[in-house]
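Colleague: One file: final_18.pdb (PDB, C-alpha atoms).
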ATOM      1  CA  MET B1266       0.000   0.000   0.000  1.00  0.00           C
ATOM      2  CA  PRO B1267       1.485   3.362  -0.988  1.00  0.00           C
ATOM      3  CA  SER B1268       2.222   5.729   1.860  1.00  0.00           C
ATOM      4  CA  VAL B1269       0.612   9.183   1.904  1.00  0.00           C
ATOM      5  CA  ASN B1270       2.971  12.057   2.272  1.00  0.00           C
ATOM      6  CA  ARG B1271       1.910  13.712   5.544  1.00  0.00           C
ATOM      7  CA  TYR B1272       3.441  16.998   4.388  1.00  0.00           C
ATOM      8  CA  LEU B1273       0.854  17.191   1.585  1.00  0.00           C
ATOM      9  CA  ILE B1274      -2.137  16.386   3.782  1.00  0.00           C
ATOM     10  CA  ALA B1275      -1.801  19.402   6.094  1.00  0.00           C
ATOM     11  CA  PRO B1276      -1.788  22.071   3.318  1.00  0.00           C
ATOM     12  CA  ALA B1277      -4.661  20.334   1.522  1.00  0.00           C
ATOM     13  CA  LEU B1278      -6.678  20.252   4.743  1.00  0.00           C
ATOM     14  CA  CYS B1279      -5.987  23.956   5.404  1.00  0.00           C
ATOM     15  CA  VAL B1280      -7.112  24.909   1.876  1.00  0.00           C
ATOM     16  CA  SER B1281     -10.304  22.862   2.269  1.00  0.00           C
ATOM     17  CA  VAL B1282     -11.158  24.555   5.554  1.00  0.00           C
ATOM     18  CA  ALA B1283     -10.363  28.016   4.150  1.00  0.00           C
ATOM     19  CA  ILE B1284     -12.705  27.435   1.213  1.00  0.00           C
ATOM     20  CA  ALA B1285     -15.544  26.185   3.427  1.00  0.00           C
ATOM     21  CA  LEU B1286     -15.378  28.986   6.015  1.00  0.00           C
ATOM     22  CA  PRO B1287     -16.653  31.913   3.887  1.00  0.00           C
ATOM     23  CA  ALA B1288     -19.632  29.887   2.683  1.00  0.00           C
ATOM     24  CA  HIS B1289     -20.490  28.927   6.248  1.00  0.00           C
ATOM     25  CA  ALA B1290     -20.072  32.490   7.543  1.00  0.00           C
ATOM     26  CA  GLN B1291     -22.475  34.097   5.040  1.00  0.00           C
ATOM     27  CA  THR B1292     -25.513  35.825   6.515  1.00  0.00           C
ATOM     28  CA  ALA B1293     -28.959  35.580   4.983  1.00  0.00           C
ATOM     29  CA  ILE B1294     -29.962  38.657   2.999  1.00  0.00           C
ATOM     30  CA  HIS B1295     -33.584  39.722   3.386  1.00  0.00           C
ATOM     31  CA  ARG B1296     -35.243  41.383   0.388  1.00  0.00           C
ATOM     32  CA  CYS B1297     -37.836  43.879   1.621  1.00  0.00           C
ATOM     33  CA  VAL B1298     -40.118  46.694   0.492  1.00  0.00           C
ATOM     34  CA  GLY B1299     -40.151  49.764   2.746  1.00  0.00           C
ATOM     35  CA  ALA B1300     -43.261  51.731   3.681  1.00  0.00           C
ATOM     36  CA  ASP B1301     -42.349  54.201   0.911  1.00  0.00           C
ATOM     37  CA  GLY B1302     -42.404  51.407  -1.697  1.00  0.00           C
ATOM     38  CA  ARG B1303     -38.637  51.351  -2.173  1.00  0.00           C
ATOM     39  CA  PRO B1304     -36.720  48.064  -2.113  1.00  0.00           C
ATOM     40  CA  ALA B1305     -34.411  47.374   0.815  1.00  0.00           C
ATOM     41  CA  PHE B1306     -31.827  44.656   1.347  1.00  0.00           C
ATOM     42  CA  THR B1307     -30.737  43.866   4.895  1.00  0.00           C
ATOM     43  CA  ASP B1308     -29.212  41.190   7.081  1.00  0.00           C
ATOM     44  CA  GLN B1309     -32.008  41.786   9.622  1.00  0.00           C
ATOM     45  CA  PRO B1310     -35.597  40.543   9.341  1.00  0.00           C
ATOM     46  CA  CYS B1311     -37.674  43.037   7.345  1.00  0.00           C
ATOM     47  CA  ALA B1312     -39.919  43.848  10.328  1.00  0.00           C
ATOM     48  CA  THR B1313     -36.942  45.218  12.275  1.00  0.00           C
ATOM     49  CA  ILE B1314     -36.561  48.030   9.728  1.00  0.00           C
ATOM     50  CA  GLY B1315     -40.300  48.633   9.316  1.00  0.00           C
ATOM     51  CA  ALA B1316     -40.449  46.905   5.941  1.00  0.00           C
ATOM     52  CA  THR B1317     -42.333  43.979   4.409  1.00  0.00           C
ATOM     53  CA  PRO B1318     -40.620  40.895   2.972  1.00  0.00           C
ATOM     54  CA  VAL B1319     -40.829  40.406  -0.785  1.00  0.00           C
ATOM     55  CA  LEU B1320     -40.042  36.708  -0.791  1.00  0.00           C
ATOM     56  CA  PRO B1321     -41.912  34.059   1.176  1.00  0.00           C
ATOM     57  CA  PRO B1322     -40.318  33.147   4.499  1.00  0.00           C
ATOM     58  CA  ALA B1323     -38.067  30.121   4.748  1.00  0.00           C
ATOM     59  CA  ALA B1324     -39.846  26.955   5.842  1.00  0.00           C
ATOM     60  CA  SER B1325     -38.270  27.221   9.278  1.00  0.00           C
ATOM     61  CA  THR B1326     -39.852  30.644   9.948  1.00  0.00           C
ATOM     62  CA  ALA B1327     -43.336  29.854   8.664  1.00  0.00           C
ATOM     63  CA  ARG B1328     -46.177  29.324  11.088  1.00  0.00           C
ATOM     64  CA  PRO B1329     -49.330  27.324  10.525  1.00  0.00           C
ATOM     65  CA  GLY B1330     -51.841  29.223   8.426  1.00  0.00           C
ATOM     66  CA  GLY B1331     -49.227  30.902   6.239  1.00  0.00           C
ATOM     67  CA  ALA B1332     -48.213  33.691   8.629  1.00  0.00           C
ATOM     68  CA  SER B1333     -44.529  34.285   9.057  1.00  0.00           C
ATOM     69  CA  VAL B1334     -42.635  35.097  12.208  1.00  0.00           C
ATOM     70  CA  ASP B1335     -42.496  38.794  11.375  1.00  0.00           C
ATOM     71  CA  GLY B1336     -46.247  38.930  10.604  1.00  0.00           C
ATOM     72  CA  ALA B1337     -46.042  39.470   6.845  1.00  0.00           C
ATOM     73  CA  SER B1338     -47.666  37.186   4.337  1.00  0.00           C
ATOM     74  CA  ALA B1339     -45.852  35.362   1.568  1.00  0.00           C
ATOM     75  CA  GLY B1340     -46.176  36.473  -2.035  1.00  0.00           C
ATOM     76  CA  LEU B1341     -46.509  40.193  -1.296  1.00  0.00           C
ATOM     77  CA  LEU B1342     -45.870  41.358  -4.853  1.00  0.00           C
ATOM     78  CA  CYS B1343     -47.642  38.485  -6.533  1.00  0.00           C
ATOM     79  CA  ALA B1344     -51.083  39.535  -7.754  1.00  0.00           C
ATOM     80  CA  LYS B1345     -53.408  36.585  -7.198  1.00  0.00           C
ATOM     81  CA  SER B1346     -56.410  38.389  -8.715  1.00  0.00           C
ATOM     82  CA  LEU B1347     -57.201  41.214 -11.101  1.00  0.00           C
ATOM     83  CA  ALA B1348     -58.185  43.331  -8.083  1.00  0.00           C
ATOM     84  CA  ASP B1349     -54.718  42.757  -6.567  1.00  0.00           C
ATOM     85  CA  LEU B1350     -53.090  43.722  -9.868  1.00  0.00           C
ATOM     86  CA  ARG B1351     -55.166  46.905 -10.164  1.00  0.00           C
ATOM     87  CA  GLY B1352     -54.434  47.722  -6.522  1.00  0.00           C
ATOM     88  CA  GLY B1353     -50.689  47.358  -7.123  1.00  0.00           C
ATOM     89  CA  ILE B1354     -50.879  49.690 -10.116  1.00  0.00           C
ATOM     90  CA  ALA B1355     -52.887  52.262  -8.149  1.00  0.00           C
ATOM     91  CA  GLN B1356     -50.425  52.012  -5.262  1.00  0.00           C
ATOM     92  CA  GLY B1357     -47.527  52.561  -7.663  1.00  0.00           C
ATOM     93  CA  PHE B1358     -49.141  55.771  -8.926  1.00  0.00           C
ATOM     94  CA  ALA B1359     -50.034  56.945  -5.411  1.00  0.00           C
ATOM     95  CA  LEU B1360     -46.425  56.436  -4.288  1.00  0.00           C
ATOM     96  CA  LYS B1361     -45.021  57.590  -7.658  1.00  0.00           C
ATOM     97  CA  SER B1362     -43.044  54.351  -7.524  1.00  0.00           C
ATOM     98  CA  ALA B1363     -41.943  52.814 -10.805  1.00  0.00           C
ATOM     99  CA  ASN B1364     -40.443  49.977  -8.766  1.00  0.00           C
ATOM    100  CA  ARG B1365     -43.843  49.075  -7.320  1.00  0.00           C
ATOM    101  CA  ILE B1366     -45.356  48.741 -10.772  1.00  0.00           C
ATOM    102  CA  GLY B1367     -42.145  47.172 -12.116  1.00  0.00           C
ATOM    103  CA  GLY B1368     -42.569  44.429  -9.524  1.00  0.00           C
ATOM    104  CA  LEU B1369     -45.844  43.495 -11.224  1.00  0.00           C
ATOM    105  CA  VAL B1370     -44.267  43.110 -14.675  1.00  0.00           C
ATOM    106  CA  LEU B1371     -43.204  39.775 -16.132  1.00  0.00           C
ATOM    107  CA  TRP B1372     -39.996  41.160 -17.660  1.00  0.00           C
ATOM    108  CA  ASN B1373     -38.740  37.957 -19.276  1.00  0.00           C
ATOM    109  CA  ALA B1374     -41.779  37.938 -21.551  1.00  0.00           C
ATOM    110  CA  SER B1375     -41.960  41.674 -22.246  1.00  0.00           C
ATOM    111  CA  GLY B1376     -39.442  41.978 -25.080  1.00  0.00           C
ATOM    112  CA  GLN B1377     -37.605  44.841 -23.370  1.00  0.00           C
ATOM    113  CA  SER B1378     -35.028  45.093 -20.642  1.00  0.00           C
ATOM    114  CA  ALA B1379     -36.160  45.830 -17.105  1.00  0.00           C
ATOM    115  CA  VAL B1380     -34.030  48.996 -17.118  1.00  0.00           C
ATOM    116  CA  GLU B1381     -35.786  50.343 -20.232  1.00  0.00           C
ATOM    117  CA  GLY B1382     -39.146  49.363 -18.822  1.00  0.00           C
ATOM    118  CA  ILE B1383     -38.584  50.960 -15.409  1.00  0.00           C
ATOM    119  CA  ARG B1384     -37.500  54.201 -17.109  1.00  0.00           C
ATOM    120  CA  GLY B1385     -40.722  54.245 -19.099  1.00  0.00           C
ATOM    121  CA  ILE B1386     -42.805  53.460 -16.025  1.00  0.00           C
ATOM    122  CA  GLU B1387     -40.942  56.179 -14.077  1.00  0.00           C
ATOM    123  CA  ALA B1388     -42.125  58.760 -16.635  1.00  0.00           C
ATOM    124  CA  LEU B1389     -45.636  57.280 -16.503  1.00  0.00           C
ATOM    125  CA  VAL B1390     -46.072  57.438 -12.702  1.00  0.00           C
ATOM    126  CA  ARG B1391     -45.057  61.125 -12.636  1.00  0.00           C
ATOM    127  CA  GLN B1392     -48.414  61.882 -14.291  1.00  0.00           C
ATOM    128  CA  PRO B1393     -51.663  61.723 -12.306  1.00  0.00           C
ATOM    129  CA  LEU B1394     -53.678  58.530 -12.827  1.00  0.00           C
ATOM    130  CA  VAL B1395     -57.041  59.339 -14.440  1.00  0.00           C
ATOM    131  CA  SER B1396     -58.471  55.879 -15.072  1.00  0.00           C
ATOM    132  CA  MET B1397     -57.676  52.194 -15.330  1.00  0.00           C
ATOM    133  CA  GLU B1398     -59.857  49.917 -17.427  1.00  0.00           C
ATOM    134  CA  GLY B1399     -59.750  46.393 -18.762  1.00  0.00           C
ATOM    135  CA  ASP B1400     -59.621  42.807 -17.669  1.00  0.00           C
ATOM    136  CA  GLU B1401     -57.428  39.728 -17.815  1.00  0.00           C
ATOM    137  CA  THR B1402     -58.321  38.960 -21.425  1.00  0.00           C
ATOM    138  CA  ALA B1403     -58.145  42.450 -22.939  1.00  0.00           C
ATOM    139  CA  GLY B1404     -55.359  43.761 -20.708  1.00  0.00           C
ATOM    140  CA  ILE B1405     -55.323  46.972 -18.704  1.00  0.00           C
ATOM    141  CA  ASP B1406     -55.399  50.463 -20.201  1.00  0.00           C
ATOM    142  CA  VAL B1407     -53.999  53.156 -17.919  1.00  0.00           C
ATOM    143  CA  ALA B1408     -54.922  56.771 -18.665  1.00  0.00           C
ATOM    144  CA  THR B1409     -52.843  59.589 -17.180  1.00  0.00           C
ATOM    145  CA  SER B1410     -53.338  63.319 -17.520  1.00  0.00           C
ATOM    146  CA  ILE B1411     -50.839  65.301 -19.538  1.00  0.00           C
ATOM    147  CA  PRO B1412     -49.603  68.439 -17.756  1.00  0.00           C
ATOM    148  CA  GLY B1413     -50.914  71.603 -19.397  1.00  0.00           C
ATOM    149  CA  GLY B1414     -52.941  69.475 -21.794  1.00  0.00           C
ATOM    150  CA  ASP B1415     -56.386  70.826 -20.836  1.00  0.00           C
ATOM    151  CA  LEU B1416     -57.848  67.454 -19.877  1.00  0.00           C
ATOM    152  CA  ALA B1417     -55.758  65.609 -22.479  1.00  0.00           C
ATOM    153  CA  THR B1418     -54.775  62.097 -21.489  1.00  0.00           C
ATOM    154  CA  ARG B1419     -52.042  59.658 -22.368  1.00  0.00           C
ATOM    155  CA  HIS B1420     -53.024  55.986 -22.679  1.00  0.00           C
ATOM    156  CA  THR B1421     -50.680  53.113 -21.913  1.00  0.00           C
ATOM    157  CA  HIS B1422     -51.676  49.494 -22.440  1.00  0.00           C
ATOM    158  CA  PHE B1423     -50.422  46.509 -20.476  1.00  0.00           C
ATOM    159  CA  ASP B1424     -51.252  42.971 -21.465  1.00  0.00           C
ATOM    160  CA  VAL B1425     -52.152  40.737 -18.526  1.00  0.00           C
ATOM    161  CA  VAL B1426     -50.581  37.284 -18.398  1.00  0.00           C
ATOM    162  CA  ARG B1427     -50.985  34.440 -15.957  1.00  0.00           C
ATOM    163  CA  ASP B1428     -47.785  32.706 -14.866  1.00  0.00           C
ATOM    164  CA  SER B1429     -46.965  30.548 -11.828  1.00  0.00           C
ATOM    165  CA  GLY B1430     -50.363  31.192 -10.271  1.00  0.00           C
ATOM    166  CA  CYS B1431     -50.040  34.986 -10.475  1.00  0.00           C
ATOM    167  CA  LEU B1432     -51.261  37.735 -12.769  1.00  0.00           C
ATOM    168  CA  TRP B1433     -48.526  39.878 -14.287  1.00  0.00           C
ATOM    169  CA  LEU B1434     -48.342  42.943 -16.481  1.00  0.00           C
ATOM    170  CA  ARG B1435     -46.569  42.792 -19.801  1.00  0.00           C
ATOM    171  CA  PRO B1436     -45.963  46.147 -21.493  1.00  0.00           C
ATOM    172  CA  ARG B1437     -46.471  46.333 -25.216  1.00  0.00           C
ATOM    173  CA  PRO B1438     -43.379  47.300 -27.200  1.00  0.00           C
TER     174      PRO B1438
END
Any chance you could put this one into structure tokens?
Modeller:
Amino acid sequence: MPSVNRYLIAPALCVSVAIALPAHAQTAIHRCVGADGRPAFTDQPCATIGATPVLPPAASTARPGGASVDGASAGLLCAKSLADLRGGIAQGFALKSANRIGGLVLWNASGQSAVEGIRGIEALVRQPLVSMEGDETAGIDVATSIPGGDLATRHTHFDVVRDSGCLWLRPRP
């Protein structure tokens, strides 16, 4: 049986431990939405900074009935119904938050980059929301008032798509 060189084992063991330590020492990052609608990333639970988690809690923090330890529900930005989707759009306009509306968009199916899309939505939410009409089949038409336009409106259409049990917006190119 060949003998193992003990001088090679020690360095190999040290390298193995050094590689494993950073992975073990990593802290969980919590993805949250603040009260102002802005995203926040923290190593603390979202509730400690007055925010709501975006992602569902880990299985170890879930309680029976779907409530999490910090009191927020899973799937915060996932619109389960057309009313939820409309509410998210209205909230985005109320907060003038392109990120809030951008969180309702299925970007991989939109044909444009998220950066381009958020820029367009940013310009859209600066205008007052006048009306929102449509349904899951026809999509949602958003009308905003144009400043100095004497009741003139700008219309933007979003298709509505169902994916992974949620309703999502898909902007038209």
Colleague: When distances are computed from only C-alpha atoms, which of B:Ala1388, B:Cys1297, B:Ala1355, B:Val1370 shows the smallest separation from B:Val1426?
Modeller: B:Val1370
Colleague: Name the residues that the PyMOL selection byres ((chain B and resi 1387) around 10) picks from the file above, as an NGL selection string, using the file's chain letters and numbers.
Modeller: :B and (1357-1358 or 1361-1364 or 1366-1367 or 1381-1386 or 1388-1392)
Colleague: Could you please determine the separation between atom CA of B:Val1395 and atom CA of B:Gln1356 in Å, to one decimal place?
Modeller: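 The value is 13.5 Å.
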Colleague: At what distance in Å, to one decimal, does atom CA of B:Gly1299 lie from atom CA of B:Thr1313?
Modeller: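 Separation of atom CA of B:Thr1313 and atom CA of B:Gly1299: 11.0 Å.
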Colleague: Restricting the calculation to only C-alpha atoms: of B:Pro1412, B:Gly1315, B:Pro1436, B:Pro1393, which residue gets closest to B:Trp1372?
Modeller: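 Among the listed residues, B:Pro1436 lies closest to B:Trp1372.
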